[in-house]
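Q: Structure incoming, see below.
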Amino acid sequence: MEKKFMGFSWSLVGVLMFIMILIAKSKSVDAITCQEALLSLMPCRPFLTGGESTPVATCCSAVANINAAASTTAIRKDLCRCLEAASRSEGVDPDKAKQLPQLCGVTVAISFDPTINCDTIK
């Protein structure tokens with residue numbers, strides 16, 4: 001029987017980590033990097049890809065923490081681009097991504113909407 005990590009096969013986790021490393025920026029963006037943001041959002045994956053109807057508490061904590069770290073326009077734009085790229089590669093449902101902050105009760109300064117133009121972020 002294949003071993004699991006957070007409900008995912010180890011081979012899938014390896015592929016996800018490889019993808020995250022490829023799209024992650026190597027430089028730190030003040031308080032949070034792309035890779036850190038993506039890793040913290042792993043608990044959101046079942047909700048964002050349609051497997052769950054509501055996000056779990058650890059997902060909502062990650063949304064709040066990422067939002068708090070997005071303290072400048074540059075950070076928000078970098079995170080937007082990071083989330084946009086990851087959303088495409090991971091098959092994120094754009095409607096679920098748009099719902100995430102509201103379902104978590106978090107007013108966000110960044111967009112979790114993978115269809116937004118990141119250059120418009122302020």
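Identifiers for the structure tokens are assigned positionally: chains receive A, B, ... in sequence, residues are indexed from 1 per chain, and ligands are indexed from 1 in the order shown.
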Could you give me, as a list in words, the residues within 6 Å of range 42-46 of chain A, counting only C-alpha atoms and dropping anything in the same chain fewer than 4 positions from it?

A: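 The contact residues come out as Gly51, Glu52 and Cys59 of chain A.
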
Q: Quick one: everything within 10 Å of Ala109 in chain A, counting only C-alpha atoms, minus sequence neighbours fewer than 6 positions away in the same chain. Send it as number ranges by chain.

A: A: 66-73, 76, 121-122

Q: Which residues are close to Ile116 in chain A, i.e. within 12 Å by only C-alpha atoms, leaving aside same-chain residues fewer than 5 positions away? Reply as a PyMOL selection string.

A: chain A and resi 77+80-81+83-85+87+94-95+97-98+110-111+121

Q: Quick one: write out the picked residues with C-alpha atoms as a compact mmCIF listing (two decimals), in the first residue's frame?

A:
# COMPACT_ATOMS: atom_id res chain seq x y z
CA LYS A 77 2.20 41.60 -6.72
CA CYS A 80 -0.27 37.29 -6.85
CA ARG A 81 2.03 36.07 -9.63
CA LEU A 83 -0.44 32.09 -6.71
CA GLU A 84 -1.51 32.61 -10.32
CA ALA A 85 1.21 30.28 -11.65
CA SER A 87 -3.19 27.80 -9.63
CA PRO A 94 -11.06 29.93 -9.96
CA ASP A 95 -14.47 30.21 -8.28
CA ALA A 97 -10.13 30.58 -5.11
CA LYS A 98 -12.35 33.67 -5.16
CA ILE A 110 -3.97 40.20 -2.08
CA SER A 111 -6.07 38.28 -4.55
CA ILE A 121 -2.69 44.99 -7.47

Q: Using only C-alpha atoms, find the one residue out of A:Asp113, A:Gly91, A:Cys118, A:Cys104 that sits nearest to Thr49 in chain A.

A: A:Gly91
